[in-house]
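*Asks:* Just coords31.tsv, nothing more (TSV, C-alpha atoms and all ligand atoms):
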chain	number	residue	atom	x	y	z
A	12	MET	CA	0.00	0.00	0.00
A	13	GLU	CA	1.17	3.52	-0.71
A	14	LYS	CA	0.83	6.09	2.02
A	15	VAL	CA	-2.34	5.80	4.06
A	16	LYS	CA	-4.60	8.61	2.84
A	17	VAL	CA	-6.17	10.40	5.80
A	18	GLY	CA	-9.06	12.82	6.16
A	19	ILE	CA	-9.39	14.71	9.44
A	20	VAL	CA	-12.77	15.97	10.65
A	21	GLY	CA	-12.16	18.90	12.97
A	22	SER	CA	-9.64	21.71	12.92
A	23	ARG	CA	-8.86	22.67	16.47
A	24	PHE	CA	-7.29	21.11	19.56
A	25	ALA	CA	-7.64	17.37	18.93
A	26	ALA	CA	-7.27	17.80	15.16
A	27	GLN	CA	-3.93	19.46	15.86
A	28	LEU	CA	-2.84	16.53	18.05
A	29	HIS	CA	-3.65	14.18	15.19
A	30	ALA	CA	-2.08	16.38	12.47
A	31	GLU	CA	1.17	16.79	14.46
A	32	SER	CA	1.33	13.02	14.94
A	33	TYR	CA	0.65	12.27	11.25
A	34	LYS	CA	3.52	14.65	10.42
A	35	ARG	CA	5.81	12.22	12.26
A	36	CYS	CA	4.33	9.17	10.56
A	37	PRO	CA	5.99	8.65	7.17
A	38	ALA	CA	3.45	5.94	6.25
A	39	ALA	CA	0.52	8.39	6.22
A	40	ILE	CA	-0.47	11.61	4.50
A	41	VAL	CA	-3.22	13.97	5.62
A	42	HIS	CA	-4.95	14.52	2.32
A	43	SER	CA	-8.06	16.44	3.35
A	44	VAL	CA	-9.79	18.15	6.22
A	45	SER	CA	-13.36	19.10	7.05
A	46	ALA	CA	-14.50	21.57	9.70
A	47	ILE	CA	-17.01	24.33	10.29
A	48	ASP	CA	-14.45	26.87	11.48
A	49	ASN	CA	-10.68	27.48	11.42
A	50	LEU	CA	-10.57	25.47	8.19
A	51	ASP	CA	-8.18	27.56	6.10
A	52	GLU	CA	-5.91	28.38	9.04
A	53	PHE	CA	-5.64	24.68	9.91
A	54	GLY	CA	-5.21	23.67	6.25
A	55	GLU	CA	-2.46	26.24	5.75
A	56	SER	CA	-0.58	25.21	8.91
A	57	TYR	CA	-0.45	21.56	7.88
A	58	GLY	CA	-0.28	21.97	4.09
A	59	ILE	CA	-3.68	20.31	3.52
A	60	ALA	CA	-5.03	21.53	0.20
A	61	ASN	CA	-8.38	19.71	0.15
A	62	ARG	CA	-10.75	21.47	2.54
A	63	TYR	CA	-14.45	20.85	3.08
A	64	GLY	CA	-17.11	22.65	5.08
A	65	ASP	CA	-19.23	19.48	5.02
A	66	TYR	CA	-17.66	16.16	6.01
A	67	HIS	CA	-20.21	14.23	3.89
A	68	ASP	CA	-18.71	15.86	0.78
A	69	MET	CA	-15.20	14.95	1.89
A	70	PHE	CA	-16.15	11.32	2.53
A	71	GLU	CA	-17.95	11.05	-0.84
A	72	LYS	CA	-15.43	12.86	-3.02
A	73	GLU	CA	-12.09	11.72	-1.60
A	74	ASP	CA	-10.89	8.16	-1.72
A	75	LEU	CA	-9.74	8.04	1.91
A	76	ASP	CA	-8.19	5.04	3.70
A	77	LEU	CA	-8.63	6.48	7.17
A	78	ALA	CA	-10.80	9.13	8.86
A	79	SER	CA	-9.73	10.89	12.07
A	80	VAL	CA	-12.81	12.06	13.95
A	81	CYS	CA	-11.90	15.11	16.08
A	82	VAL	CA	-15.28	16.81	16.56
A	83	PRO	CA	-17.29	17.49	19.73
A	84	ASN	CA	-18.42	14.37	21.60
A	85	TYR	CA	-22.11	14.54	20.62
A	86	LEU	CA	-21.13	14.45	16.93
A	87	HIS	CA	-18.97	11.31	17.12
A	88	ARG	CA	-21.87	9.02	16.24
A	89	GLU	CA	-23.04	10.86	13.15
A	90	VAL	CA	-19.54	11.42	11.74
A	91	VAL	CA	-18.41	7.81	12.35
A	92	ILE	CA	-21.61	6.42	10.78
A	93	ALA	CA	-21.25	8.75	7.79
A	94	ALA	CA	-17.62	7.70	7.27
A	95	ALA	CA	-18.51	3.99	7.50
A	96	SER	CA	-21.50	4.43	5.18
A	97	ALA	CA	-19.30	6.21	2.62
A	98	GLY	CA	-17.08	3.13	2.48
A	99	ILE	CA	-14.06	4.39	4.42
A	100	GLY	CA	-12.40	1.26	5.76
A	101	ALA	CA	-10.88	2.61	8.98
A	102	ILE	CA	-11.93	5.29	11.46
A	103	ILE	CA	-10.19	6.75	14.50
A	104	CYS	CA	-12.72	8.15	16.96
A	105	GLU	CA	-11.61	10.52	19.69
A	106	LYS	CA	-12.67	9.89	23.28
A	107	PRO	CA	-15.33	9.44	24.55
A	108	LEU	CA	-16.64	7.01	21.94
A	109	ALA	CA	-20.08	8.66	22.20
A	110	THR	CA	-22.37	10.40	24.67
A	111	SER	CA	-24.85	7.53	25.10
A	112	ILE	CA	-24.70	3.73	25.09
A	113	GLU	CA	-27.23	3.67	22.23
A	114	ASP	CA	-24.99	5.84	20.05
A	115	GLY	CA	-21.87	3.85	20.97
A	116	LEU	CA	-23.61	0.54	20.23
A	117	GLU	CA	-24.81	1.79	16.86
A	118	MET	CA	-21.28	2.90	15.95
A	119	VAL	CA	-19.71	-0.43	16.97
A	120	ARG	CA	-22.41	-2.50	15.23
A	121	THR	CA	-22.39	-0.45	12.02
A	122	CYS	CA	-18.61	-0.70	11.76
A	123	ARG	CA	-18.56	-4.40	12.62
A	124	GLU	CA	-21.24	-5.19	10.01
A	125	GLY	CA	-19.50	-3.07	7.38
A	126	GLN	CA	-16.08	-4.59	8.23
A	127	VAL	CA	-14.83	-1.12	9.07
A	128	LYS	CA	-12.01	-0.83	11.60
A	129	LEU	CA	-13.24	1.38	14.42
A	130	MET	CA	-10.27	2.52	16.52
A	131	TYR	CA	-10.76	4.23	19.85
A	132	ALA	CA	-8.23	7.00	20.52
A	133	GLU	CA	-7.23	6.47	24.16
A	134	ASP	CA	-3.79	8.07	24.03
A	135	TRP	CA	-2.73	7.06	27.59
A	136	ILE	CA	-2.32	3.50	26.29
A	137	PHE	CA	0.52	4.71	24.07
A	138	ALA	CA	2.22	7.06	26.54
A	139	PRO	CA	5.81	5.76	26.81
A	140	ALA	CA	5.87	6.04	30.63
A	141	LEU	CA	2.67	4.01	30.94
A	142	VAL	CA	3.81	1.41	28.40
A	143	ARG	CA	7.03	1.01	30.41
A	144	ALA	CA	5.06	0.75	33.67
A	145	LYS	CA	2.91	-2.04	32.22
A	146	GLN	CA	6.01	-3.85	31.01
A	147	ILE	CA	7.50	-3.75	34.53
A	148	CYS	CA	4.21	-5.08	35.93
A	149	GLN	CA	4.18	-7.89	33.36
A	150	GLU	CA	7.76	-8.82	34.29
A	151	GLY	CA	6.48	-9.33	37.85
A	152	GLY	CA	8.39	-6.26	39.10
A	153	ILE	CA	5.75	-5.27	41.65
A	154	GLY	CA	4.00	-8.63	42.07
A	155	ASP	CA	0.26	-8.93	41.56
A	156	ILE	CA	-1.41	-5.58	41.01
A	157	LEU	CA	-3.75	-4.85	43.93
A	158	TYR	CA	-4.80	-1.24	43.54
A	159	VAL	CA	-4.45	1.51	40.91
A	160	LYS	CA	-5.11	5.19	41.50
A	161	ALA	CA	-5.26	7.42	38.39
A	162	LYS	CA	-6.40	10.92	37.55
A	163	GLU	CA	-6.47	13.58	34.86
A	164	THR	CA	-7.07	17.07	36.18
A	165	HIS	CA	-6.69	20.66	34.99
A	166	ASN	CA	-8.32	24.04	35.30
A	167	GLY	CA	-11.15	23.62	32.78
A	168	SER	CA	-11.73	22.88	29.12
A	169	HIS	CA	-10.81	25.41	26.42
A	170	SER	CA	-13.67	24.13	24.29
A	171	ALA	CA	-17.13	25.74	24.54
A	172	PHE	CA	-18.94	22.48	23.75
A	173	ALA	CA	-17.09	20.62	26.52
A	174	GLN	CA	-18.57	23.00	29.08
A	175	LYS	CA	-22.13	22.00	28.17
A	176	LYS	CA	-23.49	18.67	29.33
A	177	GLU	CA	-25.78	18.30	26.32
A	178	TYR	CA	-22.83	18.37	23.90
A	179	CYS	CA	-20.23	16.71	26.09
A	180	GLY	CA	-22.35	13.94	27.65
A	181	GLY	CA	-21.40	15.06	31.15
A	182	GLY	CA	-18.55	17.06	32.67
A	183	SER	CA	-15.05	16.28	33.87
A	184	MET	CA	-15.57	12.51	34.26
A	185	ILE	CA	-16.59	11.84	30.65
A	186	HIS	CA	-14.21	14.44	29.27
A	187	VAL	CA	-10.98	13.82	31.20
A	188	GLY	CA	-11.71	11.09	33.78
A	189	ILE	CA	-12.35	8.77	30.84
A	190	HIS	CA	-8.57	8.54	30.33
A	191	PRO	CA	-7.98	6.66	33.61
A	192	VAL	CA	-11.24	4.73	33.00
A	193	GLY	CA	-9.90	3.53	29.63
A	194	PHE	CA	-6.39	2.95	30.98
A	195	LEU	CA	-7.22	0.64	33.90
A	196	PRO	CA	-8.69	-2.28	31.89
A	197	TRP	CA	-5.71	-2.12	29.52
A	198	LEU	CA	-3.19	-2.13	32.37
A	199	VAL	CA	-4.58	-5.08	34.29
A	200	GLU	CA	-6.22	-6.80	31.31
A	201	ALA	CA	-9.60	-7.09	33.01
A	202	LYS	CA	-12.91	-5.27	32.74
A	203	ILE	CA	-14.39	-2.87	35.26
A	204	ALA	CA	-17.22	-4.69	37.01
A	205	GLN	CA	-18.43	-2.31	39.74
A	206	VAL	CA	-18.36	1.45	40.31
A	207	MET	CA	-19.24	3.79	43.13
A	208	GLY	CA	-19.16	7.38	41.95
A	209	MET	CA	-19.39	10.88	43.35
A	210	VAL	CA	-19.63	14.04	41.22
A	211	THR	CA	-20.47	17.70	41.64
A	212	GLY	CA	-23.75	18.21	39.87
A	213	GLY	CA	-22.96	20.90	37.30
A	214	SER	CA	-23.86	24.63	37.26
A	215	GLU	CA	-24.57	25.97	40.78
A	216	LEU	CA	-23.56	22.65	42.33
A	217	ASN	CA	-20.05	22.91	40.91
A	218	LEU	CA	-17.09	23.77	43.11
A	219	LEU	CA	-15.66	26.42	40.82
A	220	HIS	CA	-17.12	26.48	37.30
A	221	LYS	CA	-20.73	27.56	37.85
A	222	ASP	CA	-20.99	28.32	34.11
A	223	TYR	CA	-20.31	24.68	33.16
A	224	THR	CA	-23.49	22.60	33.05
A	225	GLY	CA	-21.53	19.36	33.50
A	226	GLU	CA	-19.69	18.58	36.76
A	227	ASP	CA	-16.27	20.10	37.48
A	228	TRP	CA	-15.17	17.38	39.91
A	229	ALA	CA	-15.74	13.62	39.74
A	230	ALA	CA	-14.24	10.51	41.27
A	231	ALA	CA	-15.11	6.83	41.58
A	232	LEU	CA	-14.03	3.70	43.37
A	233	VAL	CA	-13.99	0.76	40.97
A	234	LEU	CA	-13.59	-3.00	41.15
A	235	LEU	CA	-12.24	-4.92	38.17
A	236	ASP	CA	-13.39	-8.45	37.44
A	237	ASP	CA	-9.97	-9.87	38.41
A	238	GLY	CA	-10.32	-8.34	41.89
A	239	THR	CA	-8.08	-5.30	41.31
A	240	ARG	CA	-9.31	-2.16	43.10
A	241	GLY	CA	-9.11	1.27	41.51
A	242	PHE	CA	-9.74	4.94	42.10
A	243	VAL	CA	-10.31	7.20	39.09
A	244	GLU	CA	-10.67	10.94	39.09
A	245	GLY	CA	-11.25	13.74	36.59
A	246	ASN	CA	-11.60	17.36	37.62
A	247	TYR	CA	-11.37	20.97	36.46
A	248	ILE	CA	-10.30	22.53	39.74
A	249	ALA	CA	-6.55	21.93	39.45
A	250	CYS	CA	-4.51	24.98	38.46
A	251	GLY	CA	-0.84	24.99	37.56
A	252	GLY	CA	-1.06	22.98	34.33
A	253	MET	CA	-2.54	19.59	33.49
A	254	ASP	CA	-1.86	17.13	36.30
A	255	ASP	CA	-2.07	13.46	35.34
A	256	LYS	CA	-0.80	11.06	37.98
A	257	ILE	CA	-0.96	7.31	38.26
A	258	GLU	CA	-0.03	5.11	41.21
A	259	ILE	CA	0.10	1.33	40.84
A	260	TYR	CA	0.31	-0.74	44.03
A	261	GLY	CA	1.41	-4.37	43.83
A	262	ALA	CA	2.04	-7.11	46.37
A	263	GLU	CA	5.81	-6.66	45.94
A	264	GLY	CA	6.23	-2.98	45.14
A	265	ASN	CA	4.65	0.06	43.56
A	266	ILE	CA	5.04	2.46	40.64
A	267	HIS	CA	4.35	6.20	40.67
A	268	ILE	CA	4.00	8.05	37.37
A	269	ASP	CA	3.86	11.79	36.83
A	270	LEU	CA	2.67	11.93	33.23
A	271	THR	CA	2.48	15.68	32.72
A	272	GLN	CA	4.57	17.54	35.26
A	273	GLY	CA	7.54	15.21	35.57
A	274	SER	CA	9.75	16.91	33.02
A	275	PRO	CA	13.53	16.54	33.29
A	276	LEU	CA	13.68	20.30	32.59
A	277	LYS	CA	13.55	22.79	35.43
A	278	VAL	CA	13.49	26.39	34.15
A	279	TYR	CA	13.67	29.62	36.09
A	280	SER	CA	12.57	32.53	33.87
A	281	ARG	CA	12.15	36.20	34.82
A	282	SER	CA	10.76	37.16	31.42
A	283	GLY	CA	8.62	34.08	30.73
A	284	TYR	CA	8.71	32.09	27.49
A	285	GLY	CA	6.35	30.54	24.94
A	286	TYR	CA	4.84	27.37	26.39
A	287	ALA	CA	5.42	25.10	29.38
A	288	ILE	CA	2.72	22.40	29.62
A	289	GLU	CA	-0.93	22.06	28.65
A	290	LYS	CA	-3.24	24.42	30.58
A	291	ALA	CA	-0.43	26.12	32.51
A	292	ASP	CA	-1.19	29.82	33.14
A	293	PHE	CA	2.35	31.16	33.41
A	294	THR	CA	5.89	30.53	32.29
A	295	HIS	CA	7.47	32.90	34.82
A	296	GLY	CA	9.55	31.80	37.77
A	297	TRP	CA	10.27	28.11	38.22
A	298	THR	CA	8.53	25.84	35.67
A	299	SER	CA	8.97	22.31	34.32
A	300	PRO	CA	8.24	22.56	30.59
A	301	ALA	CA	7.34	19.39	28.74
A	302	VAL	CA	9.99	18.14	26.36
A	303	ASP	CA	7.50	16.77	23.82
A	304	GLU	CA	3.87	16.44	24.91
A	305	PHE	CA	2.74	14.89	21.62
A	306	MET	CA	5.05	12.00	22.42
A	307	SER	CA	4.80	11.82	26.22
A	308	LEU	CA	0.98	11.81	26.22
A	309	GLY	CA	0.92	9.04	23.61
A	310	TYR	CA	-0.46	10.74	20.50
A	311	VAL	CA	2.52	10.07	18.22
A	312	ASN	CA	2.65	6.34	18.96
A	313	GLU	CA	-1.15	6.08	18.90
A	314	ILE	CA	-1.40	7.46	15.36
A	315	ALA	CA	1.56	5.34	14.22
A	316	HIS	CA	-0.17	2.21	15.59
A	317	PHE	CA	-3.51	3.00	13.93
A	318	VAL	CA	-1.78	3.69	10.59
A	319	ASP	CA	0.00	0.32	10.93
A	320	CYS	CA	-3.37	-1.37	11.53
A	321	VAL	CA	-4.62	0.09	8.25
A	322	ARG	CA	-1.49	-0.84	6.28
A	323	ASN	CA	-1.30	-4.38	7.63
A	324	ASP	CA	-5.03	-4.93	8.02
A	325	THR	CA	-4.61	-5.82	11.68
A	326	GLU	CA	-6.83	-5.15	14.68
A	327	PRO	CA	-6.06	-2.25	17.00
A	328	GLN	CA	-4.42	-3.31	20.23
A	329	ARG	CA	-6.16	-3.99	23.54
A	330	GLY	CA	-7.82	-0.88	24.93
A	331	THR	CA	-8.29	0.80	21.55
A	332	THR	CA	-11.04	-1.15	19.79
A	333	GLY	CA	-14.53	0.28	19.38
A	334	GLU	CA	-15.68	-2.24	21.99
A	335	ASP	CA	-13.06	-0.94	24.43
A	336	GLY	CA	-14.37	2.58	23.83
A	337	LEU	CA	-17.87	1.31	24.54
A	338	HIS	CA	-16.73	-0.28	27.81
A	339	ALA	CA	-15.09	3.00	28.92
A	340	LEU	CA	-18.31	4.83	28.06
A	341	ALA	CA	-20.48	2.29	29.93
A	342	VAL	CA	-18.25	2.64	33.02
A	343	THR	CA	-18.37	6.44	32.85
A	344	LEU	CA	-22.15	6.54	32.51
A	345	ALA	CA	-22.41	4.03	35.38
A	346	ILE	CA	-20.34	6.41	37.53
A	347	TYR	CA	-22.92	9.13	36.84
A	348	GLU	CA	-25.78	6.79	37.65
A	349	SER	CA	-24.07	5.69	40.84
A	350	ALA	CA	-23.50	9.30	41.92
A	351	GLU	CA	-27.07	10.27	41.15
A	352	ASN	CA	-28.61	7.37	43.04
A	353	ASP	CA	-26.02	7.01	45.82
A	354	CYS	CA	-25.48	3.36	45.05
A	355	LEU	CA	-22.99	0.87	43.72
A	356	ILE	CA	-23.52	-0.07	40.07
A	357	GLN	CA	-22.63	-3.46	38.58
A	358	ILE	CA	-21.45	-3.58	34.98
A	359	HIS	CA	-22.36	-7.00	33.66
A	360	ASP	CA	-20.85	-6.95	30.20
A	361	ASP	CA	-18.90	-4.82	27.76
A	362	LEU	CA	-21.86	-3.20	26.17
A	363	GLY	CA	-24.17	-2.25	28.96
A	364	ARG	CA	-25.04	-2.50	32.58
A	365	THR	CA	-28.01	-3.34	34.75
B	401	LIG	N1	-7.28	12.46	23.43
B	401	LIG	C1	-7.17	13.65	23.96
B	401	LIG	O1	-6.31	13.89	24.81
B	401	LIG	C2	-8.10	14.74	23.53
B	401	LIG	C3	-7.75	16.07	23.78
B	401	LIG	C4	-8.66	17.05	23.38
B	401	LIG	C5	-9.86	16.71	22.79
B	401	LIG	N2	-10.16	15.41	22.56
B	401	LIG	C6	-11.44	15.03	21.93
B	401	LIG	O2	-11.43	15.51	20.60
B	401	LIG	C7	-12.73	15.97	20.21
B	401	LIG	C8	-12.63	17.42	19.75
B	401	LIG	O3	-12.20	18.22	20.84
B	401	LIG	P1	-11.51	19.65	20.62
B	401	LIG	O4	-10.94	19.99	21.94
B	401	LIG	O5	-10.66	19.64	19.42
B	401	LIG	O6	-12.80	20.52	20.35
B	401	LIG	P2	-12.85	22.00	19.79
B	401	LIG	O7	-14.12	22.57	20.29
B	401	LIG	O8	-11.57	22.70	20.09
B	401	LIG	O9	-12.97	21.80	18.20
B	401	LIG	C9	-14.07	21.17	17.63
B	401	LIG	C10	-13.83	21.03	16.15
B	401	LIG	O10	-14.92	20.32	15.57
B	401	LIG	C11	-15.25	20.96	14.35
B	401	LIG	N3	-16.67	20.70	14.04
B	401	LIG	C12	-17.75	20.96	14.82
B	401	LIG	N4	-18.87	20.59	14.18
B	401	LIG	C13	-18.49	20.09	12.98
B	401	LIG	C14	-19.17	19.55	11.87
B	401	LIG	N5	-20.50	19.45	11.85
B	401	LIG	N6	-18.44	19.14	10.81
B	401	LIG	C15	-17.10	19.23	10.80
B	401	LIG	N7	-16.40	19.73	11.83
B	401	LIG	C16	-17.08	20.16	12.90
B	401	LIG	C17	-14.97	22.43	14.56
B	401	LIG	O11	-14.78	23.08	13.31
B	401	LIG	C18	-13.71	22.36	15.41
B	401	LIG	O12	-12.58	22.30	14.58
B	401	LIG	C19	-13.62	15.77	21.43
B	401	LIG	O13	-14.32	14.58	21.31
B	401	LIG	C20	-12.64	15.69	22.59
B	401	LIG	O14	-13.13	14.89	23.66
B	401	LIG	C21	-9.29	14.43	22.91
I need this file expressed as structure tokens, please.
Ligand SMILES: NC(=O)c1ccc[n+]([C@@H]2O[C@H](COP(=O)([O-])OP(=O)(O)OC[C@H]3O[C@@H](n4cnc5c(N)ncnc54)[C@H](O)[C@@H]3O)[C@@H](O)[C@H]2O)c1

*Replies:*
Amino acid sequence: MEKVKVGIVGSRFAAQLHAESYKRCPAAIVHSVSAIDNLDEFGESYGIANRYGDYHDMFEKEDLDLASVCVPNYLHREVVIAAASAGIGAIICEKPLATSIEDGLEMVRTCREGQVKLMYAEDWIFAPALVRAKQICQEGGIGDILYVKAKETHNGSHSAFAQKKEYCGGGSMIHVGIHPVGFLPWLVEAKIAQVMGMVTGGSELNLLHKDYTGEDWAAALVLLDDGTRGFVEGNYIACGGMDDKIEIYGAEGNIHIDLTQGSPLKVYSRSGYGYAIEKADFTHGWTSPAVDEFMSLGYVNEIAHFVDCVRNDTEPQRGTTGEDGLHALAVTLAIYESAENDCLIQIHDDLGRT
């Protein structure tokens, strides 16, 4: 196969993560882009000549091998179904897979029936530090895994749609907490079976962001079906730059990972400089700028893996299939249900819960 011909839907934050990663993937070429704003600016920055205001036109007119879906959460279903219906053989869908189980199920079923590869973009699974941590666990370095604590937190989403529950599907748990939710089953190679959640309720019930209709703080205790315990958290009340931390406790040791603030660089700057880490307010004084966030957060290796799957006609790895995305969504929605009803929720299978 010649270079994998890619069409990106979206032109802002996530689309940039994908475009930067395709730039480092010699086996792929971003051939076209579709978006409803920032289209020419994005096209110019990445040298993409074929630009469409309507993604249906792009899917129909271009002979694409792969679509990267980087639009707001509530649009994932319609864009994925349109790509599959137009005969595109492989689709990367950003997290969360969808905003409802019904939508997620329809996406998985449509792609399965059409023999379309649906790949779920959980970048944590490709973060070099987390891949190394799993390798150490698999070598028996910390004995049996007993408990995993994982969080993604920052000071609030840049994206207007993410601040509205109706477009996002919730608040900080579905938008950022879904990273640890997707990571845990991959790490221990088991499914999440039970959740007990607690969330701020959105708007006036929020701790800080009263203008967000989804919650700005969320956490859950979880039990995996191999007996591993977990604690997952996603919140928008953490200032000082994105703070993603993971602790893995085993019978013979433990591993602590600072995914976003653990840079080997320590900079003291009186004048400030361009960029330190995602969502950091300042670059004055002492800072720890990321060396390469596209790599350290997993995006570069994620895109390279998905392009390989297209070239070699192989299945995406554990944690990144459409079904894995559906499991992460089912767990997240169960956390909301648990929080709302003050009760523990059982998740009986990959696709749903009772
Ligand atoms: N994996 C990650 O770490 C990560 C990080 C950020 C965002 N995301 C995910 O990526 C997706 C996009 O998030 P974002 O932060 O880039 O959002 P954003 O609000 O910054 O951008 C949304 C983009 O969607 C485009 N769009 C909206 N409606 C469209 C339509 N009908 N047709 C074509 N394009 C349309 C807009 O033009 C815009 O470019 C979300 O699902 C989000 O959860 C993932």

*Asks:* Counting all atoms listed in the file, which residue out of A:Ala231, A:Ile288, A:Ala132, A:Cys320 sits closest to Gly188 in chain A?

*Replies:* A:Ala231

*Asks:* Which distance in Å separates CA of Glu200 in chain A and CA of Tyr260 in chain A, to one decimal?

*Replies:*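 That distance, rounded to one decimal, is 15.5 Å.
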
*Asks:* Quick one: everything within 8 Å of Glu258 in chain A, counting all atoms listed in the file, minus sequence neighbours fewer than 6 positions away in the same chain. Send it as a VMD selection string.

*Replies:* chain A and resid 159 to 161 265 to 268

*Asks:* State, in Å with one decimal place, the distance from CA of Val342 in chain A to CA of Ala204 in chain A.

*Replies:*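 If I compute the distance from CA of Val342 in chain A to CA of Ala204 in chain A, I get 8.4 Å.
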
*Asks:* Write out as a Markdown table the residues of chain A that have any atom within 9 Å of an atom of ligand LIG 401 (chain B), one row each with the nearest atom pair and its distance in Å to one decimal, counting only C-alpha atoms and all ligand atoms, sorted by chain and then rising number.

*Replies:*
| residue | atom | partner | partner_atom | distance |
| --- | --- | --- | --- | --- |
| A:Ile19 | CA | B:LIG401 | N7 | 8.9 |
| A:Val20 | CA | B:LIG401 | N7 | 5.4 |
| A:Gly21 | CA | B:LIG401 | O12 | 3.8 |
| A:Ser22 | CA | B:LIG401 | O12 | 3.4 |
| A:Arg23 | CA | B:LIG401 | O12 | 4.2 |
| A:Phe24 | CA | B:LIG401 | O5 | 3.7 |
| A:Ala25 | CA | B:LIG401 | O5 | 3.8 |
| A:Ala26 | CA | B:LIG401 | O5 | 5.7 |
| A:Gln27 | CA | B:LIG401 | O5 | 7.6 |
| A:Leu28 | CA | B:LIG401 | C3 | 7.6 |
| A:Val44 | CA | B:LIG401 | C15 | 8.7 |
| A:Ser45 | CA | B:LIG401 | C15 | 5.3 |
| A:Ala46 | CA | B:LIG401 | N7 | 3.4 |
| A:Ile47 | CA | B:LIG401 | O11 | 4.0 |
| A:Asp48 | CA | B:LIG401 | O11 | 4.2 |
| A:Asn49 | CA | B:LIG401 | O11 | 6.3 |
| A:Leu50 | CA | B:LIG401 | O11 | 7.0 |
| A:Phe53 | CA | B:LIG401 | O12 | 8.7 |
| A:Tyr63 | CA | B:LIG401 | C15 | 8.3 |
| A:Gly64 | CA | B:LIG401 | C15 | 6.7 |
| A:Asp65 | CA | B:LIG401 | N6 | 5.9 |
| A:Tyr66 | CA | B:LIG401 | N6 | 5.7 |
| A:His67 | CA | B:LIG401 | N6 | 8.7 |
| A:Val80 | CA | B:LIG401 | C7 | 7.4 |
| A:Cys81 | CA | B:LIG401 | C7 | 4.3 |
| A:Val82 | CA | B:LIG401 | O10 | 3.7 |
| A:Pro83 | CA | B:LIG401 | C19 | 4.4 |
| A:Asn84 | CA | B:LIG401 | O13 | 4.1 |
| A:Tyr85 | CA | B:LIG401 | O13 | 7.8 |
| A:Leu86 | CA | B:LIG401 | N4 | 7.1 |
| A:His87 | CA | B:LIG401 | O13 | 7.1 |
| A:Val90 | CA | B:LIG401 | N6 | 7.9 |
| A:Cys104 | CA | B:LIG401 | O13 | 7.9 |
| A:Glu105 | CA | B:LIG401 | C6 | 5.0 |
| A:Lys106 | CA | B:LIG401 | O14 | 5.0 |
| A:Pro107 | CA | B:LIG401 | O14 | 5.9 |
| A:Leu108 | CA | B:LIG401 | O13 | 7.9 |
| A:Ala109 | CA | B:LIG401 | O13 | 8.3 |
| A:Ala132 | CA | B:LIG401 | N1 | 6.3 |
| A:Glu133 | CA | B:LIG401 | N1 | 6.0 |
| A:Asp134 | CA | B:LIG401 | N1 | 5.6 |
| A:Trp135 | CA | B:LIG401 | N1 | 8.2 |
| A:Ser168 | CA | B:LIG401 | O4 | 7.8 |
| A:His169 | CA | B:LIG401 | O8 | 6.9 |
| A:Ser170 | CA | B:LIG401 | O7 | 4.3 |
| A:Ala171 | CA | B:LIG401 | O7 | 6.1 |
| A:Phe172 | CA | B:LIG401 | O7 | 5.9 |
| A:Ala173 | CA | B:LIG401 | O7 | 7.2 |
| A:Cys179 | CA | B:LIG401 | O14 | 7.7 |
| A:Ile185 | CA | B:LIG401 | O14 | 8.4 |
| A:His186 | CA | B:LIG401 | O14 | 5.7 |
| A:Val187 | CA | B:LIG401 | O14 | 7.9 |
| A:His190 | CA | B:LIG401 | O1 | 8.0 |
| A:Leu308 | CA | B:LIG401 | O1 | 7.7 |
| A:Gly309 | CA | B:LIG401 | O1 | 8.8 |
| A:Tyr310 | CA | B:LIG401 | N1 | 7.6 |

*Asks:* Would you give me, as a Markdown table, each residue of range 36-138 of chain A having an atom within 6 Å of an atom of range 330-337 of chain A, along with its shortest atom pair and that distance in Å to one decimal, using all atoms listed in the file and sorting by chain and residue number?

*Replies:*
| residue | atom | partner | partner_atom | distance |
| --- | --- | --- | --- | --- |
| A:Leu108 | CA | A:Gly336 | CA | 5.3 |
| A:Gly115 | CA | A:Leu337 | CA | 5.9 |
| A:Val119 | CA | A:Gly333 | CA | 5.8 |
| A:Leu129 | CA | A:Gly333 | CA | 5.2 |
| A:Met130 | CA | A:Thr332 | CA | 5.0 |
| A:Tyr131 | CA | A:Thr331 | CA | 4.6 |

*Asks:* May I have the selected residues written with C-alpha atoms, as a PDB file, in the frame of the given file?

*Replies:*
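Final output, again07.pdb:
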ATOM      1  CA  LEU A 108     -16.640   7.010  21.940  1.00  0.00           C
ATOM      2  CA  GLY A 115     -21.870   3.850  20.970  1.00  0.00           C
ATOM      3  CA  VAL A 119     -19.710  -0.430  16.970  1.00  0.00           C
ATOM      4  CA  LEU A 129     -13.240   1.380  14.420  1.00  0.00           C
ATOM      5  CA  MET A 130     -10.270   2.520  16.520  1.00  0.00           C
ATOM      6  CA  TYR A 131     -10.760   4.230  19.850  1.00  0.00           C
TER       7      TYR A 131
END

*Asks:* Distance cut-off 12 Å, centre (4.5, 1.9, 29.0) in file coordinates, counting all atoms listed in the file: which residues qualify? Return them as a ChimeraX atom specification.

*Replies:* /A:134-149,194,197-198,266,268,270,307-309,312

*Asks:* Please report the interatomic distance between CA of Ile102 in chain A and CA of Asp303 in chain A in Å with one decimal.

*Replies:*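 Rounded to one decimal, the two atoms are 25.7 Å apart.
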
*Asks:* Please check which residues have atoms at most 12 Å from (-4.1, 19.1, -6.0) in the file's coordinates, counting all atoms listed in the file, and write them as a PyMOL selection string.

*Replies:* chain A and resi 42-43+58-62+73

*Asks:* Please determine, counting all atoms listed in the file, which residue among A:Leu276, A:Ile358, A:Ile346, A:Ala301 has the shortest atom-to-atom distance to Leu235 in chain A.

*Replies:*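 Smallest distance to Leu235 in chain A is found for A:Ile358.
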